[in-house]
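S.K.: Have a look at this one.
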Amino acid sequence: MRILSAHIYGFGKLQNYEMNFQVDSIVVFAGDNESGKSTLRQFLLFMLFGLAPKQREAFRPKTGGEIGGKVTLSTEKDGDFVVERLHDRNNGQAVCFLPNGESKDESWLKDRLFGMTRETFQSIFSFDSNDLSYLHSLHASELGDVLLNIGMTGMDKIATIERKLDNELSQRFRPQGKKPEINDQLHRVDQLYRKLLTMEQEEVSYRDKKVTLQTVSDELERYKNEVDTLQKQKIQVEKEIQTNPLMVEAYNQSKQFEKLQIGHKFPEDGLLRYQTLKDKLLPLKSEEALVLDNLKKYQSELHAVYDQIVSEEENKEIQTLLEQQAAYQQQQQSHQAQQREVRAIKGEIVAEIEKLQIGLRLQDLEHISFPFHIEDTWNQIRIEKDQWNGEVEKIDQELMEVKQDFRELEDQKRVCRSQMMDEHTYYELEAKLAQAREADNDRLRNQLQLDQRTEWNARRVKQLKLSSVILMISCLFGIGLAIYGVMIDNYSLLMLGTLLAVVGIVQRFWTTHTHRLMREYLSDTNNQSTDIHIDADERLNSERAIEVQKKLRDQLASLQSKGKDLQAKLLKLEERRNFLLEKQEQLQRKVNEQKRIYPFLESVAIEYWPTLYHRLSNALDKLKKYNQIIAEMTELEFSINNYEIQLQAFLVKRNREGVSIDIPYLHELADQQLKLKSTSEQYQQWIVQSEEHRRQLAKKMLPYQQEIEKLWKIAAVENEEDFLKKGNQNKELDLVSEKYKSTSDQVKNILPEAAIGEIPMMQPRDGWELEQQLNGITELIDDITQRIEVRREQKANIRAELGKMESSEDYSILRHRLQIEKDQLRQQVKDWAIYQVAKGLLVETKQQFQQKYLPRVLEQTTHYFRILTNENYRFVFPPQEGESLLVEHATGTRFEVKELSQGTSDQLYVALRLALSEISSATHAMPFFIDDAFVHFDEKRAKIMLDILSSIARKQQIILFTCQPFIKEYVNRMEASVVEKI
């Protein structure tokens, strides 16, 4: 990913600020302190990863305005796209605009950033002077681990987290010792458990006393229930003693009642009931006799009315004729109205046809029928006719305009050709100017070659002198070594001396040969200049003439192009006109087809066809209505004749042949029959009512008669006299019953209601027996009461002992404390396990990273570290188990990181960060931000660093923020770099 450009709407002190990043080398933003470099870096991070609302508010411009901006990014997959992010829009979420017009949201941008967070990006692809300052504050023993962690992940937090995890684990638990939390908690739980065992032994005695208390309580409850039962029995016996005399009297009365009741049966209140029934039955019998007289009278008069009523068939015929009378009169009126309407419609149709003046008659109209689509067909033909006329007129107008333009264009071409030179003169003048320009170039080349030859001659003299000196020295040394070798009989020295003399001779020969070749080359390139000379005025006039001719030729070419366009337009118009002619033929075929179907269209213009359709449709509708009314008149005439025939037949049947249509006679006959029928219905109603009345009276008397028979049956008599005699005997029996009831009521007030039913059936108990039973019950109650008091005292003692044991809460408190301590122990063990797992995962992750990525990172680190230390250090080695990073000096000595100087540590840190970024960018190509990270580098080291960054920038975008002037000047001299001043 690369940042191509940025536009800041408002962010901190930067407002409406634009930047361009489109270079393949370092992009440097230079400026003094407080000029806004760090703000610009924060803006770029904000555009990529966003900020929380409160953090965004910190960058609100002091002069007002919105917070946000946009950047243009580029990736290999998506090409160029724009990311815009505003504080007050979409809650600070990014909106991405793609080249195809689509817009994407924040999640799409996160995918393009490979899910990377702001912290991860800053740890890998960004560092500043604060990171170096942090290294300076570390203890020497910590420095190696921190640099190792930075080399693995870009962050120094792994070492801090690992130390924190070790510290947390040691504070929570150690196999030996009591100070850690878990050890101390285990000791407290053990002590509480021992105390709890002692108290549980005391709990056994407490449970035994609880069982004894429950047993005593059950016995006490049982004694109370026995006392309650005996008390109820005592009360019952006392009541029996009190009612014993009344019971004896009731017993005697019941025996007397049984004696009188033997063989006696008589209904309850039989005499009174019998007299009441006789009083109610007497008036009903009188009313029954009157109803029978009226019934005979009504039946006699009804037979007289039946003799005057006609038969049912004749009555139905009268009613049918009367019902049809209204329809008959209505049909006559409708027939007359339809005759008038038919004459009016016929007149309208004839008038409408005559107005059209197309040779149609009423008879012709009968044979005309329009399909449902004919109106649309005629309308379409008219529209196509109008459209054709308009298009023909428009094409003719366009043809005239195109031909006029074509004539004007030909006139312009003739004028243009008249002002143009002939081809020979034009090319001759152009060739002359070209030769003049070539002559100028030859003079410049000759002058340059002369300067080069002069410079080369001076350099040749120096090289020849140097070559002579080298030849002399090599020959002297070679001859001397050879002589010395011969003298000491050393073949190696002889060969070395000879070789040295040969080298001197060869370099002298090569130098002479090179100078000869160069001289030949310079002499060959010194060509004669073209002998063409044109004065300045002539040359200027020629150039102006050539320019005018070029414009005329361009103008002619443009006119010719326009002519081709006009020709093409003319062809298109001709094609359109031919198409319209074909369209006219198709339209004419449609018109001829309609005229063939409807010959009357021959005399009507096409534009009036729709109007004619509506007029004829109206006439056809009226004709349809006219035929419909004629059909209805025929039906009415048939109905009228049918009714008159039926009426005449009925009158003949009633002996009124001389009368043709006597409708009033029908009404008189119908009224007479209605009155007779009403009279017969009235008599029938009275007869029915009388019979109903008679049945009601019989129904009313029947219960009374049945009740009297029932009373006789109960008393076992068959006549009234025996019934009255038996009634007097029943009065004496009622008197004995009253006395018995009075005595029973007195007993009921004392004894329970259940004992009352037993009074007449049993002999009352003796009084002495009841007294003995009462004394026995009283003695039992006293004995049980004494036992209750003993159990109550025993229960109170046990409760007192239990209360004393329960008042002590030591056992409950101890159990509660033990549970709390156990819960706390579980939580501490859980926390310890979490830290243990976290440390294991961290160690495992470090080992995996060291095995997979760290060798590649350290290999690249070694490369950069060599360059930064000017080859003073050759290798950076991964740490062995329990050790930190090692570096090897050019002398072969290895040093731990803590043994390095502060400047060398800074260079190692920078090399690690660059290596990690380069390795990471192989899979996640991201820009690399550096903010004043070289403030502690001298000018030489800073320039070396810039050269390294320049080489990295060919593969990965580098954005450098600095306040050092020499960095700005050095970058300006670098190829393809850009410096933006803030």
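Chain labels follow the order of the structure tokens: the first chain is A, the next B, and so on; residue numbering restarts at 1 in every chain, and ligands are counted from 1 in their shown order.
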Would you mind listing what lies within 10 Å of segment 40-47 of chain A as a compact mmCIF listing (two decimals) with N, CA and C atoms, in the first residue's frame, with only C-alpha atoms counted and same-chain residues fewer than 5 positions away left out?
M.R.:
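Output (out-v4.txt):
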# COMPACT_ATOMS: atom_id res chain seq x y z
N ILE A 3 0.68 5.75 -0.03
CA ILE A 3 -0.10 6.97 0.08
C ILE A 3 0.31 7.87 -1.09
N ALA A 6 -2.69 13.66 -0.02
CA ALA A 6 -3.53 13.91 1.16
C ALA A 6 -4.03 15.34 1.12
N ILE A 8 -5.85 17.91 3.94
CA ILE A 8 -6.31 18.10 5.33
C ILE A 8 -7.34 19.23 5.34
N GLY A 10 -9.05 20.05 8.18
CA GLY A 10 -8.74 20.69 9.45
C GLY A 10 -8.27 19.63 10.43
N PHE A 11 -7.04 19.81 11.00
CA PHE A 11 -6.51 18.85 11.95
C PHE A 11 -5.41 19.55 12.73
N GLY A 12 -5.74 19.92 13.99
CA GLY A 12 -4.76 20.66 14.78
C GLY A 12 -4.50 22.01 14.16
N LYS A 13 -3.22 22.32 13.98
CA LYS A 13 -2.84 23.62 13.41
C LYS A 13 -2.86 23.61 11.88
N LEU A 14 -3.09 22.45 11.27
CA LEU A 14 -3.09 22.34 9.81
C LEU A 14 -4.52 22.46 9.30
N TYR A 17 -4.72 21.95 3.86
CA TYR A 17 -3.32 21.67 3.52
C TYR A 17 -3.29 20.44 2.62
N PHE A 29 9.25 15.39 5.10
CA PHE A 29 8.54 16.58 5.55
C PHE A 29 9.45 17.28 6.56
N SER A 35 6.23 22.96 14.16
CA SER A 35 5.71 23.40 12.85
C SER A 35 4.55 22.53 12.37
N ALA A 52 -10.74 7.84 18.76
CA ALA A 52 -11.93 7.94 19.61
C ALA A 52 -12.43 9.39 19.60
N ARG A 56 -10.27 12.80 19.05
CA ARG A 56 -10.44 13.67 17.86
C ARG A 56 -10.64 15.12 18.27
N PHE A 59 -7.74 17.52 18.42
CA PHE A 59 -7.16 18.04 17.18
C PHE A 59 -8.11 19.01 16.47
N ILE A 67 -13.10 18.76 11.53
CA ILE A 67 -11.94 17.91 11.75
C ILE A 67 -11.99 16.78 10.73
N GLY A 68 -10.91 16.62 9.95
CA GLY A 68 -10.89 15.51 9.01
C GLY A 68 -10.17 15.87 7.73
N GLY A 69 -10.30 14.99 6.76
CA GLY A 69 -9.65 15.19 5.48
C GLY A 69 -9.79 13.95 4.62
N LYS A 70 -8.95 13.83 3.62
CA LYS A 70 -8.99 12.66 2.76
C LYS A 70 -7.59 12.35 2.26
N VAL A 71 -7.33 11.09 1.98
CA VAL A 71 -6.06 10.65 1.42
C VAL A 71 -6.36 9.73 0.24
N VAL A 83 -9.85 7.73 0.58
CA VAL A 83 -10.41 7.50 1.92
C VAL A 83 -10.69 8.85 2.54
N GLU A 84 -11.95 9.10 2.91
CA GLU A 84 -12.34 10.35 3.56
C GLU A 84 -12.86 10.02 4.96
N ARG A 85 -12.43 10.82 5.95
CA ARG A 85 -12.85 10.60 7.33
C ARG A 85 -13.11 11.96 7.97
N LEU A 86 -14.33 12.17 8.50
CA LEU A 86 -14.71 13.43 9.14
C LEU A 86 -15.18 13.16 10.56
N GLY A 92 -17.10 9.41 12.83
CA GLY A 92 -15.67 9.32 12.56
C GLY A 92 -15.27 8.13 11.72
N GLN A 93 -16.25 7.39 11.16
CA GLN A 93 -15.95 6.21 10.34
C GLN A 93 -15.48 6.66 8.95
N ALA A 94 -14.62 5.83 8.36
CA ALA A 94 -14.08 6.16 7.05
C ALA A 94 -15.07 5.80 5.94
N ARG A 118 -3.99 0.30 15.02
CA ARG A 118 -3.07 1.44 15.09
C ARG A 118 -1.82 1.08 15.88
N PHE A 121 0.46 -1.25 13.86
CA PHE A 121 1.12 -0.48 12.80
C PHE A 121 2.28 0.34 13.37
N GLN A 122 2.05 1.01 14.49
CA GLN A 122 3.09 1.86 15.07
C GLN A 122 4.26 1.03 15.59
N SER A 126 6.51 2.16 12.24
CA SER A 126 6.68 3.54 12.67
C SER A 126 7.55 3.58 13.92
N PHE A 929 6.71 5.15 8.66
CA PHE A 929 6.80 6.51 9.20
C PHE A 929 8.00 6.59 10.14
N ILE A 930 8.82 7.64 9.94
CA ILE A 930 9.96 7.89 10.83
C ILE A 930 9.90 9.37 11.23
N ASP A 931 9.79 9.61 12.54
CA ASP A 931 9.61 10.97 13.04
C ASP A 931 10.82 11.37 13.88
N ILE A 959 8.24 7.58 4.65
CA ILE A 959 7.84 8.97 4.92
C ILE A 959 8.60 9.42 6.16
N LEU A 960 9.48 10.45 5.98
CA LEU A 960 10.39 10.89 7.04
C LEU A 960 9.99 12.31 7.48
N PHE A 961 9.87 12.50 8.79
CA PHE A 961 9.58 13.80 9.37
C PHE A 961 10.84 14.24 10.13
N ILE A 982 7.15 22.32 5.88
CA ILE A 982 5.96 22.62 6.70
C ILE A 982 6.21 23.91 7.46
S.K.: When you draw a straight line from atom CA of Ser603 of chain A to atom CA of Leu362 of chain A, how long is it in Å?
M.R.: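 Separation between atom CA of Ser603 of chain A and atom CA of Leu362 of chain A: 18.3 Å.
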S.K.: Could you work out how far atom CA of Trp510 of chain A lies from atom CA of Gly480 of chain A, giving the answer in Å with one decimal?
M.R.: 23.9 Å
S.K.: Counting only C-alpha atoms, what is within 10 Å of Arg787 of chain A, bar same-chain residues fewer than 4 positions away, as a PyMOL selection string?
M.R.: chain A and resi 219-220+223+782-783+791-792
S.K.: Can those selected residues be exported to a file as an mmCIF file, in the first residue's frame so that it contains N, CA and C atoms?
M.R.:
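Once written, part-v6.cif looks like this:
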data_model
loop_
_atom_site.group_PDB
_atom_site.id
_atom_site.type_symbol
_atom_site.label_atom_id
_atom_site.label_comp_id
_atom_site.auth_asym_id
_atom_site.auth_seq_id
_atom_site.Cartn_x
_atom_site.Cartn_y
_atom_site.Cartn_z
ATOM 1 N N GLU A 219 -46.074 -37.025 72.850
ATOM 2 C CA GLU A 219 -46.869 -37.578 73.950
ATOM 3 C C GLU A 219 -47.797 -36.519 74.543
ATOM 4 N N LEU A 220 -47.287 -35.297 74.693
ATOM 5 C CA LEU A 220 -48.091 -34.212 75.245
ATOM 6 C C LEU A 220 -49.295 -33.905 74.357
ATOM 7 N N TYR A 223 -51.941 -36.725 74.860
ATOM 8 C CA TYR A 223 -52.692 -36.574 76.110
ATOM 9 C C TYR A 223 -53.744 -35.483 75.972
ATOM 10 N N ASP A 782 -58.834 -36.330 85.315
ATOM 11 C CA ASP A 782 -57.880 -35.857 86.329
ATOM 12 C C ASP A 782 -56.547 -36.579 86.185
ATOM 13 N N ASP A 783 -56.576 -37.914 85.936
ATOM 14 C CA ASP A 783 -55.334 -38.686 85.800
ATOM 15 C C ASP A 783 -54.502 -38.214 84.602
ATOM 16 N N ARG A 791 -45.173 -34.025 81.663
ATOM 17 C CA ARG A 791 -44.533 -33.903 80.350
ATOM 18 C C ARG A 791 -44.199 -32.440 80.014
ATOM 19 N N ARG A 792 -45.022 -31.517 80.400
ATOM 20 C CA ARG A 792 -44.746 -30.093 80.163
ATOM 21 C C ARG A 792 -43.471 -29.656 80.878
#
S.K.: Between atom CA of Ile834 of chain A and atom CA of Thr120 of chain A, what distance in Å does the model show, to one decimal?
M.R.: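 Those two atoms sit 24.5 Å apart.
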S.K.: For segment 382-385 of chain A, work out the shell of residues within 8 Å, counting only C-alpha atoms and skipping chain neighbours fewer than 5 positions away, then give it as a compact mmCIF listing (two decimals) with C-alpha atoms, in the first residue's frame.
M.R.:
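Contents of result-v2.txt, freshly written:
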# COMPACT_ATOMS: atom_id res chain seq x y z
CA LEU A 587 -49.79 3.20 -44.70
CA ILE A 606 -58.29 10.19 -43.41
CA GLU A 607 -58.10 12.94 -40.79
CA TRP A 609 -62.13 9.01 -40.01
S.K.: Please provide as a list in words all residues within 7 Å of segment 742-744 of chain A, with the sequence filter that same-chain residues fewer than 3 positions apart are discarded (counting only C-alpha atoms).
M.R.: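 That gives Leu246, Ala250, Glu738, Lys739, Val747 and Lys748 of chain A.
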S.K.: Assign secondary structure with DSSP using the backbone only, and return the residues of segment 563-613 of chain A in alpha helix (DSSP H) as a ChimeraX atom specification.
M.R.: /A:563-597,609-613
S.K.: Let's see if you can do this: from backbone DSSP, list all strand (DSSP E or B) residues in segment 769-979 of chain A, as number ranges by chain.
M.R.: A: 873-877, 886-889, 894-896, 928-931, 958-962, 978-979
S.K.: If we count only C-alpha atoms, what is near Leu494 of chain A at a cut-off of 10 Å, once residues fewer than 6 positions away on the same chain are taken out, given as a PyMOL selection string?
M.R.: chain A and resi 478-488+500
